[in-house]
Each structure stands twice: as structure tokens, then as C-alpha cells.
>>> print(open('data28.cif').read())   # mmCIF, C-alpha atoms
data_structure
#
loop_
_atom_site.label_atom_id
_atom_site.label_comp_id
_atom_site.auth_asym_id
_atom_site.auth_seq_id
_atom_site.Cartn_x
_atom_site.Cartn_y
_atom_site.Cartn_z
CA MET A 1059 232.92 14.51 69.19
CA LEU A 1060 235.06 14.04 72.27
CA VAL A 1061 237.08 17.12 73.08
CA SER A 1062 239.73 17.06 75.78
CA ASN A 1063 242.85 18.67 77.14
CA LEU A 1064 244.26 15.24 77.97
CA GLU A 1065 246.92 13.76 75.74
CA ILE A 1066 245.46 10.29 76.07
CA VAL A 1067 242.11 9.19 77.28
CA PRO A 1068 242.57 6.40 79.86
CA GLY A 1069 240.75 3.22 78.94
CA LYS A 1070 240.31 4.19 75.30
CA ARG A 1071 242.49 3.25 72.42
CA ILE A 1072 243.43 5.64 69.65
CA GLN A 1073 243.07 3.91 66.32
CA LYS A 1074 244.23 6.62 64.03
CA HIS A 1075 246.14 9.85 64.44
CA LEU A 1076 244.97 12.55 62.00
CA GLY A 1077 247.26 15.42 62.88
CA LEU A 1078 246.84 19.01 63.93
CA VAL A 1079 243.52 20.80 63.61
CA GLN A 1080 243.24 24.49 64.32
CA GLY A 1081 240.78 27.36 64.40
CA SER A 1082 241.42 31.05 64.69
CA SER A 1083 239.36 34.23 64.78
CA VAL A 1084 240.37 37.88 64.93
CA ARG A 1085 237.67 40.20 66.19
CA ALA A 1086 237.09 43.79 67.18
CA LYS A 1087 234.27 45.62 68.90
CA HIS A 1088 232.48 48.64 67.48
CA VAL A 1089 233.43 52.21 68.32
CA GLY A 1090 230.82 52.52 71.06
CA ARG A 1091 232.18 49.49 72.93
CA ASP A 1092 235.73 50.76 72.59
CA PHE A 1093 234.67 54.12 73.95
CA MET A 1094 232.90 52.48 76.89
CA ALA A 1095 235.97 50.38 77.61
CA GLY A 1096 238.10 53.51 77.51
CA LEU A 1097 235.84 55.13 80.12
CA LYS A 1098 235.82 52.02 82.28
CA ASN A 1099 239.62 52.04 82.17
CA ILE A 1100 239.54 55.27 84.15
CA PHE A 1101 237.33 53.94 86.93
CA GLY A 1102 238.41 50.30 86.91
CA GLY A 1103 236.30 47.15 86.95
CA GLU A 1104 235.45 44.54 84.38
CA LEU A 1105 235.58 45.62 80.76
CA LYS A 1106 232.47 43.66 79.91
CA GLY A 1107 232.62 44.57 76.24
CA TYR A 1108 236.07 43.04 75.94
CA THR A 1109 235.16 39.95 77.98
CA GLU A 1110 232.35 39.44 75.50
CA LEU A 1111 234.71 40.07 72.60
CA LEU A 1112 237.17 37.40 73.73
CA GLN A 1113 234.39 34.96 74.58
CA GLU A 1114 232.92 35.28 71.09
CA SER A 1115 236.34 34.99 69.56
CA ARG A 1116 237.19 31.86 71.54
CA GLN A 1117 233.91 30.22 70.60
CA GLU A 1118 234.43 30.98 66.93
CA ALA A 1119 237.99 29.61 66.97
CA TYR A 1120 236.85 26.47 68.84
CA ASP A 1121 234.02 25.88 66.38
CA ARG A 1122 236.35 26.22 63.43
CA MET A 1123 238.78 23.76 64.96
CA LEU A 1124 235.99 21.21 65.40
CA GLN A 1125 234.82 21.86 61.84
CA GLN A 1126 238.29 20.95 60.58
CA ALA A 1127 238.34 17.81 62.72
CA GLU A 1128 234.94 16.75 61.40
CA SER A 1129 236.00 17.30 57.81
CA ILE A 1130 238.81 14.78 58.08
CA GLY A 1131 236.65 12.25 59.81
CA ALA A 1132 237.89 12.53 63.38
CA ASN A 1133 235.70 11.53 66.29
CA ALA A 1134 237.83 13.21 68.98
CA VAL A 1135 240.19 16.14 69.42
CA LEU A 1136 242.77 15.71 72.15
CA ASN A 1137 245.32 17.91 73.85
CA ILE A 1138 243.51 21.11 73.02
CA ARG A 1139 245.28 24.42 73.72
CA PHE A 1140 244.24 28.04 73.40
CA SER A 1141 246.46 30.98 72.66
CA THR A 1142 245.86 34.66 72.07
CA SER A 1143 247.63 37.65 70.58
CA SER A 1144 246.84 41.29 69.99
CA ILE A 1145 246.63 42.14 66.29
CA ALA A 1146 245.62 45.82 66.22
CA ALA A 1147 244.42 48.31 68.80
CA GLY A 1148 241.12 46.98 70.12
CA ALA A 1149 241.32 43.71 68.15
CA ALA A 1150 242.41 40.30 69.41
CA GLU A 1151 243.13 36.94 67.85
CA LEU A 1152 242.04 33.76 69.58
CA PHE A 1153 243.65 30.57 68.41
CA ALA A 1154 242.62 27.02 69.34
CA TYR A 1155 244.47 23.89 68.28
CA GLY A 1156 244.50 20.21 69.11
CA THR A 1157 245.16 16.76 67.70
CA ALA A 1158 242.42 15.11 65.72
CA VAL A 1159 242.15 11.35 66.27
CA ILE A 1160 239.83 8.44 65.65
CA MET A 1161 239.16 6.66 68.88
CA GLU A 1162 237.59 3.30 69.50
CA MET B 608 273.44 -19.51 70.21
CA VAL B 609 270.04 -18.18 69.54
CA ARG B 610 269.57 -14.51 69.48
CA HIS B 611 266.20 -13.14 70.46
CA LEU B 612 264.87 -10.44 68.37
CA PHE B 613 262.61 -8.06 70.31
CA LEU B 614 259.99 -6.14 68.44
CA ILE B 615 259.40 -2.77 70.03
CA ARG B 616 255.70 -2.22 70.32
CA ARG B 617 253.66 0.02 72.49
CA PRO B 618 251.54 -2.26 74.56
CA ASP B 619 248.54 0.13 74.69
CA HIS B 620 248.62 1.11 71.03
CA PRO B 621 249.24 -2.15 69.29
CA SER B 622 247.94 -1.09 65.91
CA MET B 623 247.85 2.70 65.83
CA GLU B 624 248.00 4.39 62.44
CA TYR B 625 249.61 7.75 61.85
CA THR B 626 248.35 9.92 58.99
CA ASN B 627 248.22 13.61 58.16
CA PRO B 628 245.24 14.09 55.86
CA GLU B 629 244.95 17.35 53.96
CA LEU B 630 242.59 19.80 55.61
CA PRO B 631 239.92 21.53 53.55
CA GLU B 632 240.48 25.26 52.97
CA GLY B 633 238.07 28.02 53.85
CA ILE B 634 237.35 27.15 57.50
CA ASN B 635 239.72 29.69 59.02
CA THR B 636 239.64 32.06 56.06
CA SER B 637 236.73 33.78 54.38
CA LYS B 638 235.62 32.71 50.91
CA GLN B 639 234.07 36.13 50.31
CA ASN B 640 235.89 38.62 48.13
CA PRO B 641 237.36 41.27 50.46
CA LEU B 642 236.53 44.03 47.95
CA LYS B 643 232.83 43.43 48.52
CA GLU B 644 233.18 43.97 52.25
CA PHE B 645 235.43 46.97 51.64
CA ALA B 646 232.81 48.58 49.42
CA ILE B 647 230.02 48.00 51.94
CA LEU B 648 232.09 49.32 54.87
CA THR B 649 233.41 52.39 53.06
CA LEU B 650 230.08 53.42 51.58
CA GLY B 651 228.29 52.74 54.86
CA MET B 652 230.81 54.70 56.90
CA VAL B 653 230.88 57.67 54.53
CA GLY B 654 227.09 57.73 54.30
CA VAL B 655 226.45 57.44 58.02
CA LEU B 656 229.10 60.03 58.83
CA PHE B 657 227.86 62.47 56.20
CA ILE B 658 224.28 62.26 57.41
CA SER B 659 225.12 62.38 61.11
CA LEU B 660 227.52 65.30 60.66
CA THR B 661 224.96 67.22 58.64
CA LEU B 662 222.33 66.66 61.33
CA LEU B 663 224.75 67.55 64.11
CA ILE B 664 225.77 70.73 62.30
CA LEU B 665 222.11 71.71 61.95
CA LEU B 666 221.73 71.24 65.70
CA VAL B 667 224.87 73.25 66.41
CA ASP B 668 223.66 76.01 64.09
CA TYR B 669 220.61 76.36 66.29
CA PHE B 670 222.74 76.98 69.38
CA ALA B 671 225.59 78.90 67.75
CA ASP B 672 223.06 81.43 66.57
CA LYS B 673 222.17 82.10 70.21
CA ILE B 674 225.72 83.06 71.18
CA PRO B 675 225.58 86.81 71.89
CA PHE B 676 227.58 88.94 69.49
CA ASP B 677 229.10 90.79 72.47
CA TRP B 678 230.67 87.57 73.64
CA GLU B 679 232.09 86.93 70.20
CA ARG B 680 233.31 90.49 70.16
CA SER B 681 235.31 89.96 73.35
CA LEU B 682 237.43 87.23 71.76
CA PRO B 683 241.01 88.40 71.23
CA VAL B 684 240.85 87.82 67.48
CA THR B 685 242.85 90.87 66.42
CA ARG B 686 245.82 89.47 68.29
CA PHE B 687 246.26 87.05 65.41
CA LEU B 688 246.40 89.73 62.79
CA ASP B 689 249.84 90.44 61.44
CA SER B 690 250.41 93.55 63.56
CA LYS B 691 253.60 94.45 61.73
CA ASN B 692 251.77 95.01 58.46
CA SER B 693 248.47 96.12 59.94
CA GLU B 694 247.98 99.80 59.27
CA LYS B 695 245.59 102.56 60.08
CA LEU B 696 242.61 102.45 57.76
CA PRO B 697 242.88 105.01 54.96
CA LEU B 698 240.12 107.61 55.28
CA TYR B 699 238.60 106.74 51.91
CA LEU B 700 238.36 103.06 52.86
CA GLU B 701 236.69 104.08 56.11
CA GLN B 702 234.10 106.16 54.24
CA VAL B 703 233.25 103.43 51.75
CA SER B 704 233.02 100.87 54.54
CA GLN B 705 230.59 103.05 56.52
CA GLN B 706 228.43 103.51 53.45
CA VAL B 707 228.31 99.77 52.86
CA ILE B 708 227.70 98.87 56.52
CA GLN B 709 224.77 101.28 56.66
CA SER B 710 223.25 99.83 53.51
CA LEU B 711 223.20 96.32 54.98
CA ASP B 712 220.86 96.93 57.94
CA LEU B 713 222.91 95.17 60.58
CA PRO B 714 221.34 94.38 63.97
CA GLU B 715 222.06 97.16 66.45
CA SER B 716 224.34 95.07 68.64
CA MET B 717 226.64 94.33 65.72
CA THR B 718 229.74 96.44 65.26
CA ILE B 719 232.14 96.01 62.38
CA SER B 720 235.85 96.75 62.52
CA VAL B 721 237.60 97.07 59.18
CA HIS B 722 241.35 96.39 59.10
CA TYR B 723 243.80 97.10 56.34
CA VAL B 724 246.91 94.94 55.99
CA ASN B 725 249.81 96.10 53.86
CA SER B 726 250.65 92.79 52.23
CA ASP B 727 250.75 91.36 48.70
CA THR B 728 248.16 88.68 49.53
CA VAL B 729 245.17 88.90 47.19
CA ASN B 730 242.52 88.31 49.80
CA ALA B 731 239.91 89.73 52.14
CA PHE B 732 238.14 87.90 54.94
CA ALA B 733 235.69 88.26 57.77
CA THR B 734 236.34 86.64 61.10
CA LEU B 735 234.96 86.24 64.63
CA GLY B 736 234.04 89.40 66.47
CA GLY B 737 232.98 91.43 63.42
CA HIS B 738 236.48 91.97 62.10
CA ILE B 739 237.03 92.39 58.39
CA VAL B 740 240.52 92.27 56.97
CA LEU B 741 241.39 93.77 53.58
CA TYR B 742 244.77 93.10 52.01
CA ARG B 743 246.58 95.58 49.83
CA GLY B 744 247.12 92.84 47.21
CA LEU B 745 243.40 92.64 46.54
CA LEU B 746 242.72 96.39 46.73
CA GLU B 747 245.42 97.01 44.11
CA LYS B 748 243.56 94.84 41.63
CA LEU B 749 240.36 96.88 41.95
CA GLY B 750 239.56 99.74 39.60
CA TYR B 751 236.21 101.02 40.81
CA GLU B 752 234.55 102.00 44.05
CA ASP B 753 231.69 99.64 43.16
CA GLU B 754 234.09 96.70 43.22
CA LEU B 755 235.53 97.80 46.54
CA SER B 756 232.02 98.09 47.96
CA MET B 757 231.25 94.59 46.68
CA VAL B 758 234.27 93.17 48.54
CA ILE B 759 233.36 94.95 51.77
CA ALA B 760 229.64 94.18 51.46
CA HIS B 761 230.40 90.49 50.89
CA GLU B 762 232.48 90.32 54.05
CA VAL B 763 230.02 92.37 56.12
CA ALA B 764 227.23 90.05 54.95
CA HIS B 765 229.23 87.10 56.30
CA ILE B 766 229.24 88.80 59.68
CA LYS B 767 225.59 89.80 59.41
CA TYR B 768 224.66 86.11 59.08
CA ARG B 769 227.26 85.19 61.71
CA HIS B 770 229.07 82.85 59.34
CA PRO B 771 232.40 83.06 61.21
CA ILE B 772 231.00 81.71 64.48
CA LEU B 773 228.87 79.12 62.66
CA SER B 774 231.88 77.88 60.71
CA ALA B 775 233.98 77.76 63.85
CA SER B 776 231.27 75.72 65.61
CA HIS B 777 231.07 73.33 62.66
CA GLY B 778 234.82 72.89 62.81
CA VAL B 779 234.74 72.06 66.50
CA VAL B 780 231.86 69.57 66.18
CA THR B 781 233.31 67.86 63.12
CA GLY B 782 236.71 67.65 64.78
CA LEU B 783 235.22 66.11 67.92
CA VAL B 784 233.23 63.47 66.04
CA LEU B 785 236.13 62.57 63.77
CA SER B 786 238.68 62.31 66.54
CA PHE B 787 236.24 60.18 68.54
CA ILE B 788 235.87 57.68 65.69
CA GLY B 789 239.36 58.12 64.27
CA LEU B 790 241.19 57.63 67.55
CA SER B 791 239.43 54.41 68.38
CA SER B 792 240.02 53.02 64.91
CA GLY B 793 243.71 53.74 65.44
CA ASP B 794 244.45 53.68 61.74
CA GLY B 795 245.95 56.63 59.88
CA VAL B 796 244.38 55.80 56.53
CA VAL B 797 240.90 55.45 58.03
CA SER B 798 241.31 58.74 59.91
CA ASP B 799 242.31 60.45 56.66
CA LEU B 800 239.22 59.13 54.90
CA LEU B 801 236.99 60.28 57.74
CA GLY B 802 238.72 63.67 57.66
CA SER B 803 237.88 64.09 53.98
CA VAL B 804 234.23 63.31 54.64
CA GLY B 805 234.19 65.93 57.39
CA MET B 806 235.80 68.48 55.10
CA ALA B 807 233.26 67.80 52.37
CA THR B 808 230.42 68.35 54.83
CA MET B 809 231.83 71.66 56.00
CA ILE B 810 232.68 72.84 52.50
CA LYS B 811 229.07 72.39 51.46
CA TYR B 812 228.06 74.84 54.18
CA SER B 813 230.91 77.14 53.36
CA ARG B 814 229.73 77.43 49.75
CA ASP B 815 226.17 78.13 50.80
CA TYR B 816 227.53 80.97 52.92
CA GLU B 817 229.39 82.44 49.96
CA TYR B 818 226.23 82.48 47.86
CA GLN B 819 224.29 84.04 50.73
CA ALA B 820 226.95 86.72 51.22
CA ASP B 821 227.06 87.43 47.48
CA SER B 822 223.31 87.82 47.40
CA ASP B 823 223.28 90.37 50.22
CA ALA B 824 226.27 92.20 48.81
CA VAL B 825 224.48 92.62 45.49
CA GLU B 826 221.40 94.00 47.25
CA SER B 827 223.67 96.43 49.06
CA LEU B 828 225.26 97.56 45.77
CA ILE B 829 221.86 98.14 44.23
CA ARG B 830 220.82 100.18 47.24
CA ILE B 831 223.95 102.36 47.06
CA TYR B 832 224.55 102.73 43.31
CA GLY B 833 221.29 101.67 41.71
CA HIS B 834 222.98 98.80 39.84
CA ALA B 835 225.22 95.79 40.53
CA ASP B 836 227.97 96.21 37.95
CA GLY B 837 230.50 96.18 40.78
CA ALA B 838 229.72 92.53 41.49
CA MET B 839 230.31 91.51 37.88
CA GLY B 840 233.43 93.65 37.78
CA LEU B 841 234.83 91.96 40.86
CA PHE B 842 234.08 88.47 39.59
CA ASN B 843 235.73 89.28 36.29
CA ILE B 844 238.83 90.33 38.21
CA PHE B 845 238.79 87.00 40.09
CA ASP B 846 238.27 85.16 36.85
CA SER B 847 241.26 86.72 35.15
CA ALA B 848 243.41 86.47 38.27
CA LYS B 849 242.97 82.78 38.97
CA GLY B 850 241.12 80.95 36.26
CA ASP B 851 238.93 78.26 37.71
CA ILE B 852 239.55 75.79 34.92
CA GLY B 853 240.00 72.34 36.32
CA THR B 854 238.78 73.05 39.82
CA VAL B 855 235.85 71.02 41.02
CA GLU B 856 233.25 72.89 43.01
CA PHE B 857 232.60 69.97 45.32
CA LEU B 858 236.10 70.13 46.76
CA SER B 859 236.70 73.88 47.02
CA THR B 860 235.48 76.15 49.81
CA HIS B 861 234.54 79.01 47.49
CA PRO B 862 232.12 78.34 44.66
CA LEU B 863 233.41 78.65 41.13
CA THR B 864 233.45 82.26 39.97
CA LYS B 865 231.38 81.19 36.97
CA ASN B 866 228.62 79.93 39.26
CA ARG B 867 228.74 83.09 41.35
CA ILE B 868 228.36 85.17 38.20
CA THR B 869 225.38 83.03 37.19
CA GLN B 870 223.78 83.50 40.61
CA VAL B 871 224.22 87.27 40.54
CA GLY B 872 223.04 87.32 36.92
CA THR B 873 219.82 85.59 37.94
CA MET B 874 219.35 88.06 40.78
CA ILE B 875 219.60 91.19 38.66
CA GLU B 876 217.83 89.76 35.65
CA GLY B 877 214.51 91.40 34.97
CA ARG B 878 215.10 94.22 37.43
CA ASN B 879 216.29 96.49 34.66
CA ILE B 880 219.32 97.69 36.59
CA LEU B 881 222.14 96.41 34.45
CA ASN B 882 223.69 99.75 33.65
CA LYS B 883 227.09 99.44 32.03
CA ASN B 884 229.85 102.07 32.26
CA ASP B 885 228.32 103.69 35.26
CA MET B 886 230.86 102.64 37.87
CA ILE B 887 232.72 105.19 40.00
CA PRO B 888 236.51 104.91 39.56
CA LEU B 889 238.63 104.71 42.70
CA PRO B 890 240.22 108.09 43.55
CA GLN B 891 243.76 108.39 42.22
CA ALA B 892 245.05 109.49 45.64
CA PHE B 893 243.78 106.26 47.21
CA LYS B 894 245.41 104.13 44.51
CA ASP B 895 248.69 106.01 44.87
CA GLY B 896 248.55 105.52 48.64
CA LEU B 897 248.30 101.74 48.16
CA LYS B 898 251.41 101.59 46.02
CA GLN B 899 253.67 103.06 48.72
CA PRO B 900 256.00 100.44 50.12
#
>>> encode(input="data28.cif", output="C-alpha cells")
Amino acid sequence: MLVSNLEIVPGKRIQKHLGLVQGSSVRAKHVGRDFMAGLKNIFGGELKGYTELLQESRQEAYDRMLQQAESIGANAVLNIRFSTSSIAAGAAELFAYGTAVIME
Amino acid sequence: MVRHLFLIRRPDHPSMEYTNPELPEGINTSKQNPLKEFAILTLGMVGVLFISLTLLILLVDYFADKIPFDWERSLPVTRFLDSKNSEKLPLYLEQVSQQVIQSLDLPESMTISVHYVNSDTVNAFATLGGHIVLYRGLLEKLGYEDELSMVIAHEVAHIKYRHPILSASHGVVTGLVLSFIGLSSGDGVVSDLLGSVGMATMIKYSRDYEYQADSDAVESLIRIYGHADGAMGLFNIFDSAKGDIGTVEFLSTHPLTKNRITQVGTMIEGRNILNKNDMIPLPQAFKDGLKQP
């Protein structure tokens, strides 16, 4: 599966456009991680727990998007974008979307 | 004249097809019934919290017991008493209290202060620093010195076992743990649930304390009067005053009167000391003094 941020892939022809595919995941960390992050907030530095949280969330959303693309028979997802939003205190949504296509 | 018809065609996509096939469901949403997860989370949370709080309270008990009574004594507890209605202890009350305190074998460092509050509240309590507060409302309901001694002995026993400082420590620990979890969850409903679990944990201890205090108070009565009719008399007064019908023991701080009667009954059973109609009536002068506005 070819995955790209480009709208078109130079030198390749798109045979079939299959529409929007998307994946999303809302995740939170456990109390201990939240507490650690709260402490780290006082001293500054990287909130490693939250970096991990968003990384996991992004991966999950990405995987789900690809799963959708596979299910409709695409062999490439183009023009991929990510977006994020805060859902509740200490929880974040990661959203990935792109256009599923069949390429030569 | 020949008109040329131009077909508009993208040169790089000469034969591209556009479709929007239907996507399968269940990739971005869970197929699992949310109730199942809810049940697991709730039961798990309640269980873990109950066990950890119980363990933590046991640990705190170990340290709270080491707090010197003198230190507890220096707390400005009496400041919170309703000073407007707080009166000088009637002499008779003082005498009965001394008799009871002596019968309970308190550690030497422990001093008890008995307070009398002129208020309709039907209550008596023991608090930090060895202070016992008796309300006129409760004293008015009593008919016998034995019953009065039972009330005082029960409260003194609380202090003897240092229940006030233990309860206060439990409150602080439970509050800390709950606010730690509750704050980070940031949800009012979850915090409420956690609060109820904390309450249930503390109430369990609170009830154990009541039974312990009852048990010592009964021993004290037997030592003073040779029988424990005062305890039964007092519980009967509670029974007729409130009526425990419909209350569930698990959710109330004091045990059901019925269960307290059973406990005391078991204690005096077989000791051949149940001696009816042998209680000392309260002096008329004392009762008249209570009725004054």
C-alpha cells in the first residue's frame, strides 16, 4: 500500500478514485501518567507520557485508515492529513484521513 | 462551415473512474457492548479502591496510634463548640462522669473534659483532645443514672481507644487518595462514585468503633452497678426515638440499635447479671435543672 501526502504521484496513473478513508482514535493515559505530567508541568521539559499517548493515538488512527482503504480494495492512499482535538481533560483525539485510490 | 467539437479530457488521466464505495463499519468504532466495559471498569475501580483504602487505613492506624495524647489535647477543639449554649457542667453530671471515667481504667496521660450544651439536639459525642459533649436533648430522654452512665461510658471508651484521632486520620487519607484520583479523572460523576466507596470504607471502621465502645461501656456499667440494664435501657430509648426500620447498616455510621442490643445481649448472657428493676433513677433536682430554658 502506497501512502503519501502528495495529491498525485508523478509518473503514475490513477485508475480509480475510491473516496475518503479515515481513522480516528481517542485515548487517555492512566492516573499515574497524568500525575507525572502534572509534576513535570511545574519543572518544564518533555511530557514523555503525553508524547507517547499521542504517538500511540496517531498510529492507531493511521492503521484504521489503512484498514478502511484495504477493505474497499485500494492500493494507495494519497493526500493524507492528520488533525487533532482535545476531547476531555487528559484525553486527545487523533484523526487521519486521505483519499483511497487504485493506481497502476 | 465545419465546426470542431473539442472533447475536454485530462491528458494524464484519460480513463479515470470516480466511485465512492461504501465503507465497512466497525473500523473506527468498537463492536463490543459498552456495558461490558463499564461493568469491568466500575467493579475493578471499586474493588481496587476499597482494598487499597483499607490497607492504607491500616497503615495510618499504626502511626495515628503513636500520636501523643498531649499533642491531641493541645488542639483548639473546644473553640468549635457552640459557646453560646455551652454551660457549666451540673455537679451531678460531674460526679457521674468521674465515676464512669474511673471505672474505665484510662491511661494516665489521658484526661477527659465533659461539656454540657443546652440545646434540643438528641446527641452526645466524643471528639479530639478527650472532649465529650452531652446535649440537653439527649439527657432529657434519660430516666436512670445507669443510662446516663452508659452514654458517658460509651463516649469515654471512644476516647480510650483514640477513635476520634483515628477517624480524623482516615478522613484525611481517604480524602487525599480520592482527590488524587478524582481530580485527574476530571469527571464529577466518577468523583461521586469514588467518594461513595471512600465513605463505605470509613463507615465500616466507624461501626467497628461503635461496637468496641459499647463493649467497654457495658463492662464499665457492670463494674459500677453490678449489671448492664442501663445499656438495654438506653438502646430502648434510641429504638423508640428513631426506629431503625428501613435503614441499611452498610450505609449508616452507627450500627442498627437492634444489632447493638444483640451484641450487648451476647456479652451479658451467661454472666447471671441481668437484674431487672434495679436501676437508679436520675435525681429529680437534676431533671428539673435540665428543663430550665
>>> residues_around(input="data28.cif", residues="Gln1080 in chain A", least_positions_apart="3", cutoff="6 Å", atoms="only C-alpha atoms", output="ChimeraX atom specification")
/A:1123,1154-1155
>>> closest_atom_pairs(input="data28.cif", of="chain A", to="chain B", cutoff="10 Å", atoms="only C-alpha atoms", output="CSV")
residue,atom,partner,partner_atom,distance
A:Gly1069,CA,B:Asp619,CA,9.4
A:Lys1070,CA,B:Asp619,CA,9.2
A:Arg1071,CA,B:His620,CA,6.6
A:Ile1072,CA,B:Met623,CA,6.5
A:Gln1073,CA,B:Met623,CA,5.0
A:Lys1074,CA,B:Glu624,CA,4.7
A:His1075,CA,B:Tyr625,CA,4.8
A:Leu1076,CA,B:Asn627,CA,5.1
A:Gly1077,CA,B:Asn627,CA,5.1
A:Leu1078,CA,B:Asn627,CA,8.0
A:Val1079,CA,B:Leu630,CA,8.1
A:Gln1080,CA,B:Asn635,CA,8.2
A:Gly1081,CA,B:Asn635,CA,6.0
A:Ser1082,CA,B:Asn635,CA,6.1
A:Ser1083,CA,B:Asn635,CA,7.3
A:Ala1086,CA,B:Ser792,CA,9.9
A:His1088,CA,B:Ser791,CA,9.1
A:Val1089,CA,B:Ser791,CA,6.4
A:Gly1090,CA,B:Ile788,CA,9.0
A:Arg1091,CA,B:Ser791,CA,9.9
A:Asp1092,CA,B:Ser791,CA,6.7
A:Phe1093,CA,B:Ser791,CA,7.3
A:Gly1096,CA,B:Ser791,CA,9.3
A:Glu1118,CA,B:Asn635,CA,9.6
A:Ala1119,CA,B:Asn635,CA,8.1
A:Asp1121,CA,B:Ile634,CA,9.6
A:Arg1122,CA,B:Ile634,CA,6.1
A:Met1123,CA,B:Ile634,CA,8.3
A:Leu1124,CA,B:Ile634,CA,10.0
A:Gln1125,CA,B:Ile634,CA,7.3
A:Gln1126,CA,B:Leu630,CA,6.7
A:Ala1127,CA,B:Leu630,CA,8.5
A:Ser1129,CA,B:Pro631,CA,7.2
A:Ile1130,CA,B:Leu630,CA,6.8
A:Gly1131,CA,B:Pro628,CA,9.6
A:Ala1146,CA,B:Gly793,CA,8.2
A:Ala1147,CA,B:Gly793,CA,6.4
A:Gly1148,CA,B:Ser791,CA,7.8
A:Ala1149,CA,B:Ser792,CA,9.9
A:Ala1158,CA,B:Asn627,CA,9.6
A:Val1159,CA,B:Tyr625,CA,9.4
A:Ile1160,CA,B:Glu624,CA,9.7
>>> atom_distance(input="data28.cif", atom1="CA of Asp668 in chain B", atom2="CA of Ile766 in chain B")
14.6 Å
>>> atom_distance(input="data28.cif", atom1="CA of Gly872 in chain B", atom2="CA of His765 in chain B")
20.3 Å
>>> closest_residue(input="data28.cif", among="B:Ile719, B:Leu666, B:Leu711, B:Ala671", to="Ala775 in chain B", atoms="all atoms listed in the file")
B:Ala671
>>> atom_distance(input="data28.cif", atom1="CA of Leu1064 in chain A", atom2="CA of Val1135 in chain A")
9.5 Å
